[in-house]
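The structure appears below as structure tokens.
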Amino acid sequence: MTGWTRRQLTFGSERGVVHAHSYYDIPVFDTAGSRIAALRHDHPASRHPGTADAVEVGLVEADRPGSWHPLGRSTAWSWQQGPMAQWVPAADGAGERLVWNDREGGRFVARLLDPSSGGGPLTLPMPVYAVMPGGRSGLSVNMARLQVLRPGYGYAVEEEAPGMPRRPEDDGIWQVPFDGGAPRLLLPLARAVDFLLARLPAADRLRHRLLPYHYWFNHVKIAPGGGRFTVKLRWRRRGGPWSGRMGVSLTCDTGGGRDLRLLGRATSHVIWLDDTRLYYFDEGRRDMPLVEDTAPAGTRRGLVGGGLAANVHLRHLPPAPPAGGALPPRIVYDTPYREAPELWEASPDGADRRRIAAFSNHRPAKGPFRCDLHPVPDAAGDRLVVTSTEDGGRQIHLLERAG
């Protein structure tokens, strides 16, 4: 390692007890960078979770290896993203809270809890995918539909609905108030599909009209200022093959679900840099462009990572938007889909590239039960949390900038 220290924070692999944090783009550090939202369980990583398979949701103290503070349970989780436990910014007199997804009475919900209050959680009527910066609401997608069409990213369902509509008018991206109010449909799937079809080349448009594609949303991410969000719109024939090129990324305003724009095609691992620029891995060109969120389609403004040609999980450091349209001082990324993944740091142009950590024993390296490092920075960009199977089970590790 160069310039970083590394500590394992959670333990128990020898007893079959594992820990993990949520996805690489989910805020799992609190504002102080001292508490990490995580999950704990003892299920074998060789099958998808069932509807009764529960995990414990809790907090790990970054400065106390071996600590675990349980807060609740969930039967709505996946291997790649867990129950999406994440911090909610302080709002309306409430301190920082934690939100995670669960199921209740045959439907998916979310639990919203202030860990310092000692009271029980507030139950929200829909799961939460991404949290608005103001801490007053979140955005949601249909996690049952996601599981049926892209197993491993949604949550287990009792049975698949045989009459699932291909492009529903009454389902899509929902805004969920954190005061217990009723959700509102922000962007229907049907509207997003109509927008896409109007902008595809004629041959692609004909294919979509002739083939019985089912469409779904995934990977909702909100701009730092809260004015827009990006989402993956994907499609496949139900039960048929699927590839990363069968999808696009859209952007949309959070106020009324209008002003749709086509960010890019065959996008993967999209992240907002600031309120007007994003970056992602382009699966067609095999590069990572910096793209301006322009109408009607995104405009390339250069590359992030220089000649980086791998589909990595990349974050900029610090995670706050850079000032004045500048690029961030540093970037950090993992090398997923390997038995020996690594963590790298570089300048945004890819120069001054250095390996800061190496891990081993990530088996399987690919497939739905793999364990990616998924690096998540704290607010200062001086701490990173990753999950690794180096000691035989999923456990949380902390990387900290030395000095």
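To be explicit about the labels: the chains of the structure tokens are called A, B, and onward in the order shown, and within each one the residues are counted from 1, while ligands get numbers from 1 in the order they are shown.
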**Prompt:** Which residues, written as a ChimeraX atom specification, have at least one atom at most 10 Å from stretch 273-287 of chain A, with only C-alpha atoms counted and residues fewer than 2 positions away on the same chain left out?
**Reply:** /A:222-230,244-245,249,263-271,289-294,298-316,319-323,325-328
**Message:** Can you tell me which residues surround stretch 352-369 of chain A at a distance of at most 8 Å, considering only C-alpha atoms, apart from same-chain residues fewer than 3 positions away, and format the answer as a list in words?
**Reply:** Met1, Thr2, Gly3, Trp4, Arg6, Ala45, Ser46, Arg47, His48, Trp79, Gln80, Gly152, Pro336, Tyr337, Arg338, Glu339, Ala340, Pro341, Glu342, Leu343, Trp344, Glu345, Ala346, Ser347, Ser388, Thr389, Glu390, Asp391 and Gly392 of chain A
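Comparing the minimum interatomic distances between A:Ala91 and each of A:Asp114, A:Asp259, A:Asp382, A:Glu104, counting only C-alpha atoms, we find that A:Asp114 sits nearest.
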**Request:** Record the distance separating atom CA of A:Arg103 and atom CA of A:Glu160, expressed in Å with one decimal.
**Result:**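 Separation between atom CA of A:Arg103 and atom CA of A:Glu160: 16.4 Å.
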**Asked** For A:Leu139, which of A:Gly72, A:Gly105, A:Gly255, A:Gly93 is the closest residue, counting only C-alpha atoms?
**Response**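 Among the listed residues, A:Gly255 lies closest to A:Leu139.
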Counting only C-alpha atoms, which residues in stretch 129-191 of chain A sit no more than 12 Å from stretch 12-24 of chain A? For each one, give the nearest pair of atoms and the distance in Å, sorted by chain then residue number, as JSON lines.
{"residue": "A:Tyr129", "atom": "CA", "partner": "A:Tyr23", "partner_atom": "CA", "distance": 10.8}
{"residue": "A:Ala130", "atom": "CA", "partner": "A:Tyr23", "partner_atom": "CA", "distance": 11.3}
{"residue": "A:Tyr153", "atom": "CA", "partner": "A:Tyr23", "partner_atom": "CA", "distance": 10.7}
Keeping only C-alpha atoms, write the selected residues to a file as an mmCIF file, in the first residue's frame.
data_model
loop_
_atom_site.group_PDB
_atom_site.id
_atom_site.type_symbol
_atom_site.label_atom_id
_atom_site.label_comp_id
_atom_site.auth_asym_id
_atom_site.auth_seq_id
_atom_site.Cartn_x
_atom_site.Cartn_y
_atom_site.Cartn_z
ATOM 1 C CA TYR A 129 -33.383 3.382 -3.404
ATOM 2 C CA ALA A 130 -31.801 6.852 -3.166
ATOM 3 C CA TYR A 153 -30.676 -6.802 -7.698
#
**For atom CA of A:Glu56 and atom CA of A:Arg73, the interatomic separation in Å (one decimal)** =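 Between atom CA of A:Glu56 and atom CA of A:Arg73 the gap is 4.4 Å.
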**Prompt:** In Å to one decimal, how far is atom CA of A:Trp68 from atom CA of A:Gly50?
**Reply:** 24.6 Å
Would you mind listing what lies within 7 Å of stretch 98-101 of chain A as a PDB file with N, CA and C atoms, in the first residue's frame, with only C-alpha atoms counted and same-chain residues fewer than 3 positions away left out?
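Listing of result-v2.pdb after writing:
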ATOM      1  N   SER A  74     -34.138  -7.302   8.433  1.00  0.00           N
ATOM      2  CA  SER A  74     -34.740  -7.130   7.118  1.00  0.00           C
ATOM      3  C   SER A  74     -34.804  -8.467   6.400  1.00  0.00           C
ATOM      4  N   ALA A  76     -35.647  -8.112   3.085  1.00  0.00           N
ATOM      5  CA  ALA A  76     -35.608  -7.543   1.736  1.00  0.00           C
ATOM      6  C   ALA A  76     -34.169  -7.115   1.461  1.00  0.00           C
ATOM      7  N   PRO A  83     -29.852  -4.616   2.046  1.00  0.00           N
ATOM      8  CA  PRO A  83     -31.139  -3.925   2.134  1.00  0.00           C
ATOM      9  C   PRO A  83     -31.004  -2.424   1.851  1.00  0.00           C
ATOM     10  N   MET A  84     -29.864  -2.026   1.261  1.00  0.00           N
ATOM     11  CA  MET A  84     -29.581  -0.638   0.885  1.00  0.00           C
ATOM     12  C   MET A  84     -29.604   0.288   2.100  1.00  0.00           C
ATOM     13  N   ALA A  85     -29.057  -0.173   3.226  1.00  0.00           N
ATOM     14  CA  ALA A  85     -28.979   0.647   4.441  1.00  0.00           C
ATOM     15  C   ALA A  85     -28.087   1.849   4.172  1.00  0.00           C
ATOM     16  N   GLN A  86     -28.615   3.047   4.445  1.00  0.00           N
ATOM     17  CA  GLN A  86     -27.875   4.275   4.148  1.00  0.00           C
ATOM     18  C   GLN A  86     -28.303   5.396   5.077  1.00  0.00           C
ATOM     19  N   TRP A  87     -27.418   6.399   5.197  1.00  0.00           N
ATOM     20  CA  TRP A  87     -27.690   7.531   6.075  1.00  0.00           C
ATOM     21  C   TRP A  87     -28.565   8.563   5.381  1.00  0.00           C
ATOM     22  N   VAL A  88     -29.436   9.174   6.179  1.00  0.00           N
ATOM     23  CA  VAL A  88     -30.316  10.254   5.731  1.00  0.00           C
ATOM     24  C   VAL A  88     -29.837  11.542   6.392  1.00  0.00           C
ATOM     25  N   VAL A 109     -41.268  -2.367   2.091  1.00  0.00           N
ATOM     26  CA  VAL A 109     -41.375  -1.102   2.808  1.00  0.00           C
ATOM     27  C   VAL A 109     -39.951  -0.626   3.116  1.00  0.00           C
ATOM     28  N   ALA A 110     -39.842   0.482   3.820  1.00  0.00           N
ATOM     29  CA  ALA A 110     -38.562   0.954   4.332  1.00  0.00           C
ATOM     30  C   ALA A 110     -38.716   1.305   5.799  1.00  0.00           C
ATOM     31  N   ARG A 111     -37.648   1.161   6.556  1.00  0.00           N
ATOM     32  CA  ARG A 111     -37.618   1.545   7.971  1.00  0.00           C
ATOM     33  C   ARG A 111     -36.696   2.768   8.107  1.00  0.00           C
ATOM     34  N   LEU A 112     -37.193   3.776   8.782  1.00  0.00           N
ATOM     35  CA  LEU A 112     -36.451   5.011   8.997  1.00  0.00           C
ATOM     36  C   LEU A 112     -36.237   5.185  10.492  1.00  0.00           C
ATOM     37  N   LEU A 113     -34.977   5.268  10.921  1.00  0.00           N
ATOM     38  CA  LEU A 113     -34.663   5.214  12.347  1.00  0.00           C
ATOM     39  C   LEU A 113     -33.577   6.219  12.702  1.00  0.00           C
ATOM     40  N   ASP A 114     -33.766   6.904  13.827  1.00  0.00           N
ATOM     41  CA  ASP A 114     -32.705   7.709  14.430  1.00  0.00           C
ATOM     42  C   ASP A 114     -31.975   6.818  15.430  1.00  0.00           C
ATOM     43  N   PRO A 127     -40.045   0.822  -0.538  1.00  0.00           N
ATOM     44  CA  PRO A 127     -38.602   0.773  -0.309  1.00  0.00           C
ATOM     45  C   PRO A 127     -37.943   2.049  -0.821  1.00  0.00           C
ATOM     46  N   VAL A 128     -36.771   2.350  -0.313  1.00  0.00           N
ATOM     47  CA  VAL A 128     -36.030   3.547  -0.703  1.00  0.00           C
ATOM     48  C   VAL A 128     -34.768   3.122  -1.435  1.00  0.00           C
TER      49      VAL A 128
END
**Request:** Please identify all polymer residues within 9 Å of A:Thr51, counting only C-alpha atoms, omitting same-chain residues fewer than 5 positions from it, and present them as a PyMOL selection string.
**Result:** chain A and resi 75-76+103+155-158
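Take the candidates A:Gly154, A:Pro121, A:Gly66, A:Gly106 and check each one against A:Gly180 using only C-alpha atoms; the shortest distance goes to A:Pro121.
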**Request:** Can you list, as a count of residues only, all residues belonging to stretch 157-229 of chain A that DSSP tags as strand (DSSP E or B)?
**Result:** 23
